[in-house]
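Enquirer: Okay, so here is work.cif, and as you'll see once you scroll down, it has mmCIF, C-alpha atoms.
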data_query
#
loop_
_atom_site.label_atom_id
_atom_site.label_comp_id
_atom_site.auth_asym_id
_atom_site.auth_seq_id
_atom_site.Cartn_x
_atom_site.Cartn_y
_atom_site.Cartn_z
CA GLY A 104 -13.10 -18.96 -4.72
CA GLN A 105 -10.03 -20.58 -3.25
CA GLN A 106 -9.59 -20.94 0.48
CA LEU A 107 -6.58 -21.79 2.51
CA ASN A 108 -6.44 -24.76 4.88
CA GLN A 109 -5.52 -23.55 8.31
CA SER A 110 -4.87 -25.78 11.30
CA PRO A 111 -5.64 -26.36 14.02
CA GLN A 112 -9.19 -24.99 14.03
CA SER A 113 -8.97 -24.27 17.74
CA MET A 114 -6.49 -24.55 20.58
CA PHE A 115 -6.83 -24.48 24.34
CA ILE A 116 -3.50 -23.84 26.01
CA GLN A 117 -2.14 -22.76 29.35
CA GLU A 118 -0.51 -19.42 29.91
CA GLY A 119 3.21 -19.66 29.22
CA GLU A 120 2.96 -22.38 26.60
CA ASP A 121 4.14 -21.98 23.04
CA VAL A 122 1.66 -22.12 20.17
CA SER A 123 2.10 -23.19 16.58
CA MET A 124 -0.37 -22.96 13.71
CA ASN A 125 -0.01 -23.34 9.97
CA CYS A 126 -1.63 -22.63 6.68
CA THR A 127 -1.42 -24.52 3.39
CA SER A 128 -2.58 -23.79 -0.12
CA SER A 129 -2.88 -25.70 -3.37
CA SER A 130 -1.49 -22.73 -5.26
CA ILE A 131 1.41 -20.39 -4.67
CA PHE A 132 1.35 -16.90 -3.23
CA ASN A 133 4.05 -14.26 -3.27
CA THR A 134 2.97 -12.76 0.04
CA TRP A 135 1.76 -14.38 3.23
CA LEU A 136 0.09 -12.38 5.98
CA TRP A 137 -0.99 -13.24 9.50
CA TYR A 138 -3.87 -11.39 11.17
CA LYS A 139 -5.37 -11.51 14.64
CA GLN A 140 -9.01 -10.80 15.38
CA ASP A 141 -10.00 -9.85 18.91
CA PRO A 142 -13.61 -10.47 19.98
CA GLY A 143 -15.89 -7.82 18.49
CA GLU A 144 -13.15 -6.31 16.35
CA GLY A 145 -11.84 -6.50 12.82
CA PRO A 146 -8.63 -8.36 11.92
CA VAL A 147 -5.35 -6.59 12.60
CA LEU A 148 -2.15 -7.34 10.71
CA LEU A 149 0.53 -9.07 12.82
CA ILE A 150 3.22 -10.10 10.37
CA ALA A 151 3.79 -9.85 6.61
CA LEU A 152 6.13 -12.16 4.67
CA TYR A 153 7.31 -11.34 1.17
CA LYS A 154 9.95 -13.90 0.20
CA ALA A 155 10.00 -17.69 0.13
CA GLY A 156 11.95 -18.94 3.14
CA GLU A 157 11.65 -15.64 4.99
CA LEU A 158 11.48 -15.86 8.77
CA THR A 159 10.12 -12.77 10.52
CA SER A 160 9.53 -11.95 14.18
CA ASN A 161 7.29 -9.45 15.90
CA GLY A 162 7.85 -9.66 19.64
CA ARG A 163 6.79 -13.12 20.77
CA LEU A 164 5.45 -13.94 17.31
CA THR A 165 7.49 -15.64 14.61
CA ALA A 166 6.22 -16.49 11.15
CA GLN A 167 7.79 -18.20 8.17
CA PHE A 168 7.06 -18.16 4.45
CA GLY A 169 7.37 -21.73 3.18
CA ILE A 170 9.98 -22.58 0.56
CA THR A 171 7.35 -23.95 -1.79
CA ARG A 172 5.36 -20.66 -1.46
CA LYS A 173 2.31 -22.79 -0.67
CA ASP A 174 2.47 -22.66 3.11
CA SER A 175 3.25 -20.56 6.13
CA PHE A 176 3.35 -21.03 9.88
CA LEU A 177 2.97 -18.79 12.91
CA ASN A 178 4.49 -19.44 16.32
CA ILE A 179 3.61 -17.62 19.53
CA SER A 180 6.02 -18.11 22.40
CA ALA A 181 5.18 -17.88 26.09
CA SER A 182 1.48 -17.21 25.53
CA ILE A 183 -0.36 -14.70 27.71
CA PRO A 184 -4.11 -14.15 28.23
CA SER A 185 -4.28 -11.27 25.74
CA ASP A 186 -3.23 -13.67 22.97
CA VAL A 187 -6.81 -14.96 23.00
CA GLY A 188 -8.53 -14.44 19.66
CA ILE A 189 -8.83 -15.81 16.16
CA TYR A 190 -5.71 -15.94 14.01
CA PHE A 191 -6.05 -15.85 10.25
CA CYS A 192 -3.49 -16.47 7.58
CA ALA A 193 -3.93 -14.81 4.21
CA GLY A 194 -2.19 -15.33 0.92
CA GLN A 195 -1.76 -12.52 -1.53
CA LEU A 196 -0.74 -12.37 -5.17
CA LEU A 197 0.86 -9.12 -6.26
CA GLY A 198 1.41 -7.77 -9.73
CA GLY A 199 -0.68 -8.07 -12.84
CA THR A 200 -4.17 -7.52 -11.51
CA ALA A 201 -5.18 -5.91 -8.25
CA SER A 202 -3.85 -7.68 -5.21
CA LYS A 203 -6.35 -10.02 -3.65
CA LEU A 204 -6.30 -11.54 -0.20
CA THR A 205 -7.37 -15.15 0.23
CA PHE A 206 -8.00 -15.96 3.87
CA GLY A 207 -7.60 -19.14 5.83
CA THR A 208 -10.41 -20.54 7.93
CA GLY A 209 -8.92 -19.28 11.18
CA THR A 210 -7.46 -20.74 14.39
CA ARG A 211 -9.31 -19.88 17.58
CA LEU A 212 -6.90 -19.60 20.51
CA GLN A 213 -7.98 -19.84 24.13
CA VAL A 214 -5.46 -19.27 26.91
CA THR A 215 -6.15 -20.49 30.42
CA LEU A 216 -4.40 -19.24 33.50
CA GLU B 3 -7.21 8.90 14.25
CA ALA B 4 -6.80 6.81 11.11
CA GLN B 5 -9.66 4.38 10.91
CA VAL B 6 -12.28 2.50 8.95
CA THR B 7 -15.79 2.94 10.28
CA GLN B 8 -18.88 0.88 9.57
CA ASN B 9 -22.52 1.51 10.35
CA PRO B 10 -24.55 0.01 11.74
CA ARG B 11 -22.56 -2.37 13.94
CA TYR B 12 -25.57 -4.62 14.48
CA LEU B 13 -28.65 -5.06 12.32
CA ILE B 14 -31.67 -7.34 12.42
CA THR B 15 -33.91 -7.25 9.38
CA VAL B 16 -36.44 -9.35 7.53
CA THR B 17 -36.18 -11.13 4.19
CA GLY B 18 -36.58 -8.80 1.23
CA LYS B 19 -36.18 -5.49 3.02
CA LYS B 20 -33.43 -3.51 1.30
CA LEU B 21 -30.57 -2.37 3.48
CA THR B 22 -27.28 -0.54 3.19
CA VAL B 23 -24.20 -0.93 5.34
CA THR B 24 -21.95 2.09 5.16
CA CYS B 25 -18.15 2.08 5.21
CA SER B 26 -15.94 5.11 5.44
CA GLN B 27 -12.19 5.59 5.74
CA ASN B 28 -10.26 8.75 6.57
CA MET B 29 -6.86 7.68 5.23
CA ASN B 30 -7.30 8.71 1.59
CA HIS B 31 -7.01 5.07 0.59
CA GLU B 32 -7.66 4.08 -3.01
CA TYR B 33 -8.48 0.42 -2.43
CA MET B 34 -11.55 -0.67 -0.48
CA SER B 35 -13.09 -4.07 -0.06
CA TRP B 36 -15.97 -5.91 1.58
CA TYR B 37 -15.69 -9.33 3.22
CA ARG B 38 -18.10 -11.63 4.97
CA GLN B 39 -17.01 -13.90 7.80
CA ASP B 40 -18.81 -17.15 8.50
CA PRO B 41 -17.90 -19.90 11.00
CA GLY B 42 -15.46 -22.37 9.54
CA LEU B 43 -15.06 -20.38 6.34
CA GLY B 44 -12.86 -17.49 7.35
CA LEU B 45 -13.23 -14.22 5.45
CA ARG B 46 -14.43 -14.23 1.86
CA GLN B 47 -14.27 -11.22 -0.40
CA ILE B 48 -17.60 -9.90 -1.71
CA TYR B 49 -16.62 -6.86 -3.80
CA TYR B 50 -13.66 -4.59 -4.07
CA SER B 51 -12.90 -1.16 -5.49
CA MET B 52 -9.55 0.00 -6.81
CA ASN B 53 -10.60 3.65 -6.96
CA VAL B 54 -13.56 5.96 -7.41
CA GLU B 55 -16.08 4.53 -9.88
CA VAL B 56 -14.04 1.31 -10.25
CA THR B 57 -15.56 -1.77 -8.62
CA ASP B 58 -15.31 -5.50 -9.27
CA LYS B 59 -16.65 -8.76 -7.95
CA GLY B 60 -14.85 -10.81 -5.35
CA ASP B 61 -15.45 -14.46 -4.57
CA VAL B 62 -19.04 -14.25 -3.27
CA PRO B 63 -20.78 -11.27 -4.94
CA GLU B 64 -24.25 -12.79 -5.45
CA GLY B 65 -26.97 -10.80 -3.72
CA TYR B 66 -24.81 -7.74 -3.09
CA LYS B 67 -24.17 -4.42 -4.77
CA VAL B 68 -21.62 -1.72 -4.07
CA SER B 69 -20.86 1.78 -5.25
CA ARG B 70 -17.82 4.04 -5.03
CA LYS B 71 -18.88 7.58 -5.79
CA GLU B 72 -16.38 9.14 -3.41
CA LYS B 73 -12.95 7.96 -2.37
CA ARG B 74 -13.75 7.69 1.32
CA ASN B 75 -17.05 5.79 1.13
CA PHE B 76 -17.85 2.27 -0.06
CA PRO B 77 -21.39 1.22 0.89
CA LEU B 78 -22.57 -2.38 0.67
CA ILE B 79 -26.15 -2.76 -0.55
CA LEU B 80 -28.39 -5.76 -0.08
CA GLU B 81 -31.36 -5.16 -2.40
CA SER B 82 -33.37 -8.15 -1.18
CA PRO B 83 -31.68 -9.77 1.81
CA SER B 84 -32.13 -13.47 2.44
CA PRO B 85 -31.36 -15.57 5.54
CA ASN B 86 -28.18 -16.97 3.94
CA GLN B 87 -26.78 -13.44 4.06
CA THR B 88 -26.80 -13.56 7.84
CA SER B 89 -23.14 -13.02 8.59
CA LEU B 90 -20.45 -10.77 10.01
CA TYR B 91 -19.35 -8.19 7.45
CA PHE B 92 -16.04 -6.34 7.33
CA CYS B 93 -14.98 -3.40 5.25
CA ALA B 94 -11.27 -2.92 4.62
CA SER B 95 -9.10 -0.34 2.92
CA SER B 96 -5.49 0.07 1.84
CA LEU B 97 -3.47 2.82 0.24
CA SER B 98 -3.55 1.07 -3.10
CA ALA B 99 -4.32 -2.32 -4.59
CA TRP B 100 -0.70 -2.69 -5.64
CA GLY B 101 2.39 -3.59 -3.77
CA ARG B 102 2.91 -4.17 -0.11
CA GLU B 103 0.07 -2.13 1.29
CA THR B 104 -1.50 -3.12 4.58
CA GLN B 105 -5.25 -3.60 4.60
CA TYR B 106 -7.00 -1.95 7.54
CA PHE B 107 -10.27 -3.50 8.66
CA GLY B 108 -13.34 -1.88 10.14
CA PRO B 109 -14.93 -3.17 13.37
CA GLY B 110 -17.52 -5.29 11.58
CA THR B 111 -21.30 -5.31 11.09
CA ARG B 112 -23.24 -8.25 12.40
CA LEU B 113 -26.33 -8.85 10.26
CA LEU B 114 -29.23 -11.15 11.02
CA VAL B 115 -31.82 -11.72 8.28
CA LEU B 116 -35.01 -13.34 9.51
#
Output the file's structure in the form of structure tokens.
Expert:
Amino acid sequence: GQQLNQSPQSMFIQEGEDVSMNCTSSSIFNTWLWYKQDPGEGPVLLIALYKAGELTSNGRLTAQFGITRKDSFLNISASIPSDVGIYFCAGQLLGGTASKLTFGTGTRLQVTL
Amino acid sequence: EAQVTQNPRYLITVTGKKLTVTCSQNMNHEYMSWYRQDPGLGLRQIYYSMNVEVTDKGDVPEGYKVSRKEKRNFPLILESPSPNQTSLYFCASSLSAWGRETQYFGPGTRLLVL
């Protein structure tokens, strides 16, 4: 099955810094999703994007749906210790057959004080 | 509280010993799915179910079985586990398989096959 290329694989940053991660695909999606996984937990949806070019914010998080529909990025501003976790992008195709999520490989974020 | 539950959370077993991981949701969701998470590979879909008695293969179905006899439950069955099935497993559900429905994930089951 297809997988999405997500980068970077891991990041070590200081509290207060901004973070940027991205996801690319060889095929198009009509929905991009960003999830966060805390240690010992399942992924939780952060942001959903439904239109090419869409820019959406959720607090300190901002995500964009690439114009080509083959990429997306997530920015976290002014990081805090509770931002630690693994961030996953996921592409979704809607319509026709049942929607299916294809996940990226994840970005592990560590925040130091 | 709306949630997806999985049991057990942790399991150590030996090669060939059949096991079942249960998944239950209390949100009356139609769509349920199983994923496995492996380092460097993200989450990969094993099987999914669009409704009761309707199941289909995901990207990595080999070595797994599922059933959907009731709407709330979607057990994952490993008939003859092998070490390459050592992984972290997540069950997820959403209201339907169509449209902009959020998938809710369970807390995960960590499986070690010796």
Enquirer: Any chance you could tabulate, as a Markdown table, the residues of range 4-113 of chain B at most 12 Å from range 151-166 of chain A with each one's nearest atom pair and distance in Å to one decimal, using all atoms listed in the file, in chain and rising number order?
Expert:
| residue | atom | partner | partner_atom | distance |
| --- | --- | --- | --- | --- |
| B:Gly101 | CA | A:Tyr153 | CA | 10.4 |
| B:Arg102 | CA | A:Tyr153 | CA | 8.5 |
| B:Glu103 | CA | A:Ala151 | CA | 10.1 |
| B:Thr104 | CA | A:Ala151 | CA | 8.8 |
| B:Gln105 | CA | A:Ala151 | CA | 11.2 |
Enquirer: Just so the selection is clear, what residues does the PyMOL selection byres ((chain A and resi 171) around 9) cover here, as a list in words?
Expert: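 Going through the file, the PyMOL selection byres ((chain A and resi 171) around 9) ends up selecting Ile131, Ala155, Gly156, Phe168, Gly169, Ile170, Arg172, Lys173 and Asp174 of chain A.
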Enquirer: What does the PyMOL selection byres ((chain B) within 7 of (chain A)) select in this file, as a PyMOL selection string?
Expert: chain B and resi 42-46+61+92+99-101+107-110
Enquirer: Which distance in Å separates CA of Tyr91 in chain B and CA of Asp186 in chain A, to one decimal?
Expert: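 About the pair CA of Tyr91 in chain B and CA of Asp186 in chain A: they are 23.0 Å apart.
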Enquirer: What do you get, as an NGL selection string, if you spell out every residue that the PyMOL selection byres ((chain B and resi 23-28) around 12) selects here?
Expert: :B and (3-13 or 20-22 or 29-37 or 66-81 or 90-97 or 105-113)
Enquirer: Which is closer to Ser130 in chain A than all the others in A:Ile116, A:Gly194, A:Leu149, A:Ile179, using only C-alpha atoms?
Expert: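 Going through A:Ile116, A:Gly194, A:Leu149, A:Ile179 one by one, the smallest distance to Ser130 in chain A is for A:Gly194.
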Enquirer: Could you tell me, as a PyMOL selection string, which residues have any atom at most 12 Å from (0.6, -20.6, 30.4), counting all atoms listed in the file?
Expert: chain A and resi 115-122+179-187+213-216
Enquirer: How many Å lie between CA of Thr88 in chain B and CA of Thr15 in chain B, rounded to one decimal?
Expert: 9.6 Å
Enquirer: Would you compute an axis-aligned box for range 33-41 of chain B, covering every atom listed for it in the file with 8 Å of margin on each side, and report centre and edge lengths in Å to one decimal as AutoDock Vina command-line options?
Expert:
--center_x -13.6 --center_y -9.7 --center_z 4.3 --size_x 26.3 --size_y 36.3 --size_z 29.4
Enquirer: Rounded to one decimal in Å, what is the spacing between CA of Lys19 in chain B and CA of Leu116 in chain B?
Expert: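 These two atoms are separated by 10.3 Å.
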Enquirer: Write out as a list in words each polymer residue whose atoms come within 7 Å of Asp58 in chain B, counting all atoms listed in the file; drop sequence neighbours fewer than 5 positions from it.
Expert: Tyr49, Tyr50 and Ser51 of chain B
